[in-house]
Amino acid sequence: MNNNQKTLIILTPAFPANEQDSVWVPPKQLFVKKLKENFPELNIIVLSFNYPFHQQTYSLFNVQVTAFNGLKKRKLNRLLLWNSVWKKLNELRKENTIAGILSFWCGECALVGRYFAKRHKLNYFCWISGLDATKDNRLIKFIRPQGKELVAMSEFLYKEFYTTHHKKPQHIIPIGIDPAEFTQPPVERDIDILGVGSFNPFKQYDVFIRIVKKLSLTFPSIKAVICGAGTEKENLQQLITELQLENNITLAGVKPHAEVLQWMQRAKIFIHPSAYEGFGAVCLEALYAGAEVISFCDPMELKIPKWHIVKTTEEMTNKAHELMNHPRQDYSPVLLYSMSDSTKAMMKLFGIENNHLS
């Protein structure tokens, strides 16, 4: 190891096992990939607490990854997991010149990362990304983060974290996308409405289905697709059957990320019915794919072309009806934030700019 080479350690709950494993935390894996591309001289090491389901060190995106396979560990085993990560951090500190530690989400990764960084006087930041900003995050009182260490992914998360935990993040760095991931768009927009996400209660895909039912009264041949999987799948399938929408809605299952982007490029409207969303990278992707986006979440409090923010299910239904009744022919991409810019903004916090690592 070159003693002059700087090392950034990233702590994350999950990370893909290989390049084909694209369904695990796609925005975070893209961040790491673009980080290495933009800062090739930076040594990046990822410590993944819960996934992959093995305990070993491997290379991905020219980045060293150590997996701890902690997903099913509870109580005492959880403490043993944290201890294993701490030991690995000590090992890395002795072997590398540490530029700092970055935690994804303000949870257990922040708990371990912050105290290790504090003990060894290392630069430390935590990227608040979603549910970690809510009142249900009971680890905050043990983490005791400082505002200067906190990076919110959106204006919404900045306000949510401050309101809920009475700590004001001093930085906001949005998640971004990589335009290079998008292929040439298809000739035909053959999907009227698309949804992409996990099938869990707060994502509210039952709302999506009921909206399609109402729209089908005016547009009986409406075609909708939802990509995803989760605990609510059987309930959603049952609702589709009850509402007699088998010919209108397809539950497409989990798809590789590249394929999801292609589905977006076939969609006219992207509906994101989630009741809570830190940002919603899928909305950024759908915008760049050329679709009209409708969501309840308003991450940055900006007026964004083709992104329609609504407050109620009725408003979401009415907006979708309006867009279907008066379809636009302009499917040009809208780039709100690029992931390259996100990586540069984050590295600036660590004192690393313009690929200069001395």
# chains A, B, ... in the order shown; residues from 1 in each chain; ligands from 1
call {"tool": "residues_around", "arguments": {"residues": "segment 103-112 of chain A", "least_positions_apart": "4", "cutoff": "9 Å", "atoms": "only C-alpha atoms", "output": "MDAnalysis selection string"}}
result
chainID A and resid 9:13 28 48:49 82:83 85:86 116:117 124:133 137:140 142:145 150
call {"tool": "residues_around", "arguments": {"residues": "segment 183-188 of chain A", "least_positions_apart": "3", "cutoff": "12 Å", "atoms": "only C-alpha atoms", "output": "list in words"}}
result
Asp178, Pro179, Ala180, Ile191, Asp192, Ala258, Glu259, Val260, Leu261, Gln262, Trp263, Met264, Gln265, Arg266, Ala267, Lys268, Tyr288, Ala289, Gly290, Ala291, Gln329, Tyr331, Ser332 and Pro333 of chain A
call {"tool": "residues_around", "arguments": {"residues": "segment 36-46 of chain A", "least_positions_apart": "2", "cutoff": "8 Å", "atoms": "only C-alpha atoms", "output": "MDAnalysis selection string"}}
result
chainID A and resid 5:12 32:34 48 61:66 340 343:344 355 357
call {"tool": "write_last_selection", "arguments": {"atoms": "C-alpha atoms", "output": "PDB file, in the first residue's frame"}}
result
ATOM      1  CA  GLN A   5      -2.456   7.323  -1.025  1.00  0.00           C
ATOM      2  CA  LYS A   6      -5.540   8.534   0.802  1.00  0.00           C
ATOM      3  CA  THR A   7      -8.254   6.072   1.786  1.00  0.00           C
ATOM      4  CA  LEU A   8     -11.955   6.738   2.221  1.00  0.00           C
ATOM      5  CA  ILE A   9     -13.890   4.162   4.234  1.00  0.00           C
ATOM      6  CA  ILE A  10     -17.613   3.833   3.530  1.00  0.00           C
ATOM      7  CA  LEU A  11     -19.911   2.048   5.977  1.00  0.00           C
ATOM      8  CA  THR A  12     -23.184   0.781   4.510  1.00  0.00           C
ATOM      9  CA  VAL A  32     -19.419   4.408  -5.137  1.00  0.00           C
ATOM     10  CA  LYS A  33     -18.897   3.538  -8.802  1.00  0.00           C
ATOM     11  CA  LYS A  34     -18.879   7.196  -9.904  1.00  0.00           C
ATOM     12  CA  SER A  48     -21.063  -3.748   4.320  1.00  0.00           C
ATOM     13  CA  PHE A  61     -15.971  -1.271  -9.310  1.00  0.00           C
ATOM     14  CA  ASN A  62     -12.222  -1.343  -8.510  1.00  0.00           C
ATOM     15  CA  VAL A  63     -13.187  -0.870  -4.871  1.00  0.00           C
ATOM     16  CA  GLN A  64     -12.354  -3.207  -1.976  1.00  0.00           C
ATOM     17  CA  VAL A  65     -15.490  -4.484  -0.215  1.00  0.00           C
ATOM     18  CA  THR A  66     -15.646  -6.458   3.031  1.00  0.00           C
ATOM     19  CA  SER A 340     -20.770  12.804 -10.602  1.00  0.00           C
ATOM     20  CA  THR A 343     -19.511  12.592  -5.507  1.00  0.00           C
ATOM     21  CA  LYS A 344     -17.587  15.840  -5.987  1.00  0.00           C
ATOM     22  CA  ASN A 355      -9.140  14.715  -8.264  1.00  0.00           C
ATOM     23  CA  LEU A 357      -5.503  13.951  -3.326  1.00  0.00           C
TER      24      LEU A 357
END
call {"tool": "atom_distance", "arguments": {"atom1": "atom CA of Met324 of chain A", "atom2": "atom CA of Ser216 of chain A"}}
result
11.0 Å
call {"tool": "closest_residue", "arguments": {"among": "A:Ile294, A:Ile101, A:Cys227, A:Leu236", "to": "Gly197 of chain A", "atoms": "only C-alpha atoms"}}
result
A:Cys227
call {"tool": "select_by_dssp", "arguments": {"residues": "segment 116-156 of chain A", "states": "strand (DSSP E or B)", "output": "list in words"}}
result
Tyr124, Phe125, Cys126, Trp127, Ile128, Leu150, Val151 and Ala152 of chain A
call {"tool": "write_last_selection", "arguments": {"atoms": "C-alpha atoms", "output": "compact mmCIF listing (two decimals), in the first residue's frame"}}
result
# COMPACT_ATOMS: atom_id res chain seq x y z
CA TYR A 124 -16.46 11.84 9.53
CA PHE A 125 -19.78 12.45 7.74
CA CYS A 126 -23.12 10.68 7.69
CA TRP A 127 -25.45 10.77 4.66
CA ILE A 128 -29.06 10.90 5.91
CA LEU A 150 -24.69 15.43 8.99
CA VAL A 151 -25.38 15.49 5.26
CA ALA A 152 -29.06 15.44 4.26
call {"tool": "closest_residue", "arguments": {"among": "A:Pro299, A:Leu215, A:Glu155, A:Lys135", "to": "Lys319 of chain A", "atoms": "only C-alpha atoms"}}
result
A:Leu215
call {"tool": "select_by_dssp", "arguments": {"residues": "segment 197-257 of chain A", "states": "alpha helix (DSSP H)", "output": "list of chain:residue names"}}
result
A:Tyr205, A:Asp206, A:Val207, A:Phe208, A:Ile209, A:Arg210, A:Ile211, A:Val212, A:Lys213, A:Lys214, A:Leu215, A:Ser216, A:Lys233, A:Glu234, A:Asn235, A:Leu236, A:Gln237, A:Gln238, A:Leu239, A:Ile240, A:Thr241, A:Glu242, A:His257
call {"tool": "closest_residue", "arguments": {"among": "A:Glu277, A:Pro169, A:Leu81, A:Glu315", "to": "Thr134 of chain A", "atoms": "only C-alpha atoms"}}
result
A:Glu277
call {"tool": "closest_residue", "arguments": {"among": "A:Ile352, A:Leu47, A:Leu323, A:Val225", "to": "Ala67 of chain A", "atoms": "only C-alpha atoms"}}
result
A:Leu47
call {"tool": "closest_residue", "arguments": {"among": "A:Asp190, A:Ile309, A:Ser22, A:Gln56", "to": "Val254 of chain A", "atoms": "only C-alpha atoms"}}
result
A:Ser22
call {"tool": "closest_residue", "arguments": {"among": "A:Asn69, A:Val196, A:Ile249, A:Gly278", "to": "Arg210 of chain A", "atoms": "only C-alpha atoms"}}
result
A:Ile249
call {"tool": "residues_around", "arguments": {"residues": "Lys203 of chain A", "least_positions_apart": "5", "cutoff": "7 Å", "atoms": "only C-alpha atoms", "output": "PyMOL selection string"}}
result
chain A and resi 198+273-275
call {"tool": "decode", "arguments": {"residues": "segment 207-294 of chain A", "atoms": "C-alpha atoms", "output": "compact mmCIF listing (two decimals), in the first residue's frame"}}
result
# COMPACT_ATOMS: atom_id res chain seq x y z
CA VAL A 207 -53.02 3.56 -4.00
CA PHE A 208 -51.39 3.07 -7.41
CA ILE A 209 -53.79 0.22 -8.21
CA ARG A 210 -56.89 2.15 -7.12
CA ILE A 211 -55.81 5.12 -9.25
CA VAL A 212 -55.50 2.85 -12.29
CA LYS A 213 -59.00 1.50 -11.55
CA LYS A 214 -60.45 5.03 -11.62
CA LEU A 215 -58.57 5.89 -14.78
CA SER A 216 -59.78 2.69 -16.46
CA LEU A 217 -63.35 4.04 -16.33
CA THR A 218 -62.27 6.65 -18.88
CA PHE A 219 -59.41 4.72 -20.49
CA PRO A 220 -60.53 1.05 -20.51
CA SER A 221 -57.40 -0.14 -22.35
CA ILE A 222 -54.98 1.57 -19.95
CA LYS A 223 -51.70 -0.34 -19.52
CA ALA A 224 -49.86 -0.10 -16.20
CA VAL A 225 -46.78 -1.93 -14.91
CA ILE A 226 -45.24 -2.13 -11.44
CA CYS A 227 -41.66 -3.40 -11.05
CA GLY A 228 -40.79 -4.62 -7.58
CA ALA A 229 -41.31 -7.19 -4.88
CA GLY A 230 -41.99 -7.36 -1.16
CA THR A 231 -44.29 -8.44 1.64
CA GLU A 232 -47.38 -6.83 0.09
CA LYS A 233 -47.20 -8.69 -3.23
CA GLU A 234 -50.03 -11.15 -2.50
CA ASN A 235 -52.28 -8.36 -1.19
CA LEU A 236 -51.60 -6.26 -4.27
CA GLN A 237 -52.29 -9.18 -6.60
CA GLN A 238 -55.53 -9.88 -4.75
CA LEU A 239 -56.56 -6.22 -5.07
CA ILE A 240 -55.88 -6.32 -8.82
CA THR A 241 -58.14 -9.36 -9.08
CA GLU A 242 -60.90 -7.83 -6.95
CA LEU A 243 -60.91 -4.68 -9.09
CA GLN A 244 -60.83 -6.75 -12.30
CA LEU A 245 -57.64 -5.14 -13.53
CA GLU A 246 -55.82 -8.29 -14.66
CA ASN A 247 -55.76 -6.99 -18.23
CA ASN A 248 -54.60 -3.53 -17.17
CA ILE A 249 -51.91 -3.99 -14.51
CA THR A 250 -48.84 -6.22 -14.67
CA LEU A 251 -46.73 -6.97 -11.59
CA ALA A 252 -43.43 -7.44 -13.40
CA GLY A 253 -41.39 -8.54 -10.37
CA VAL A 254 -37.81 -7.52 -9.61
CA LYS A 255 -35.83 -6.50 -12.66
CA PRO A 256 -32.14 -5.68 -13.13
CA HIS A 257 -31.55 -1.95 -12.83
CA ALA A 258 -30.64 -1.54 -16.51
CA GLU A 259 -33.91 -3.18 -17.49
CA VAL A 260 -35.88 -0.93 -15.12
CA LEU A 261 -34.42 2.11 -16.89
CA GLN A 262 -35.58 0.67 -20.21
CA TRP A 263 -39.10 0.23 -18.80
CA MET A 264 -39.00 3.89 -17.75
CA GLN A 265 -38.13 4.89 -21.29
CA ARG A 266 -41.29 3.09 -22.45
CA ALA A 267 -43.52 4.87 -19.92
CA LYS A 268 -45.60 7.98 -20.49
CA ILE A 269 -46.32 8.60 -16.78
CA PHE A 270 -44.39 7.50 -13.70
CA ILE A 271 -46.42 7.42 -10.49
CA HIS A 272 -44.58 7.22 -7.16
CA PRO A 273 -47.25 6.78 -4.44
CA SER A 274 -44.87 6.42 -1.47
CA ALA A 275 -46.11 8.06 1.72
CA TYR A 276 -42.52 8.83 2.77
CA GLU A 277 -39.45 9.27 0.61
CA GLY A 278 -36.07 10.78 1.39
CA PHE A 279 -35.61 11.72 -2.23
CA GLY A 280 -36.68 8.97 -4.60
CA ALA A 281 -33.88 8.32 -7.07
CA VAL A 282 -36.40 6.47 -9.23
CA CYS A 283 -38.16 9.80 -9.81
CA LEU A 284 -34.91 11.34 -11.05
CA GLU A 285 -34.40 8.35 -13.34
CA ALA A 286 -37.95 8.54 -14.66
CA LEU A 287 -37.49 12.25 -15.41
CA TYR A 288 -34.34 11.53 -17.39
CA ALA A 289 -36.17 8.71 -19.17
CA GLY A 290 -38.61 11.36 -20.41
CA ALA A 291 -41.69 10.38 -18.42
CA GLU A 292 -44.04 12.69 -16.56
CA VAL A 293 -43.59 12.07 -12.81
CA ILE A 294 -46.33 12.34 -10.17
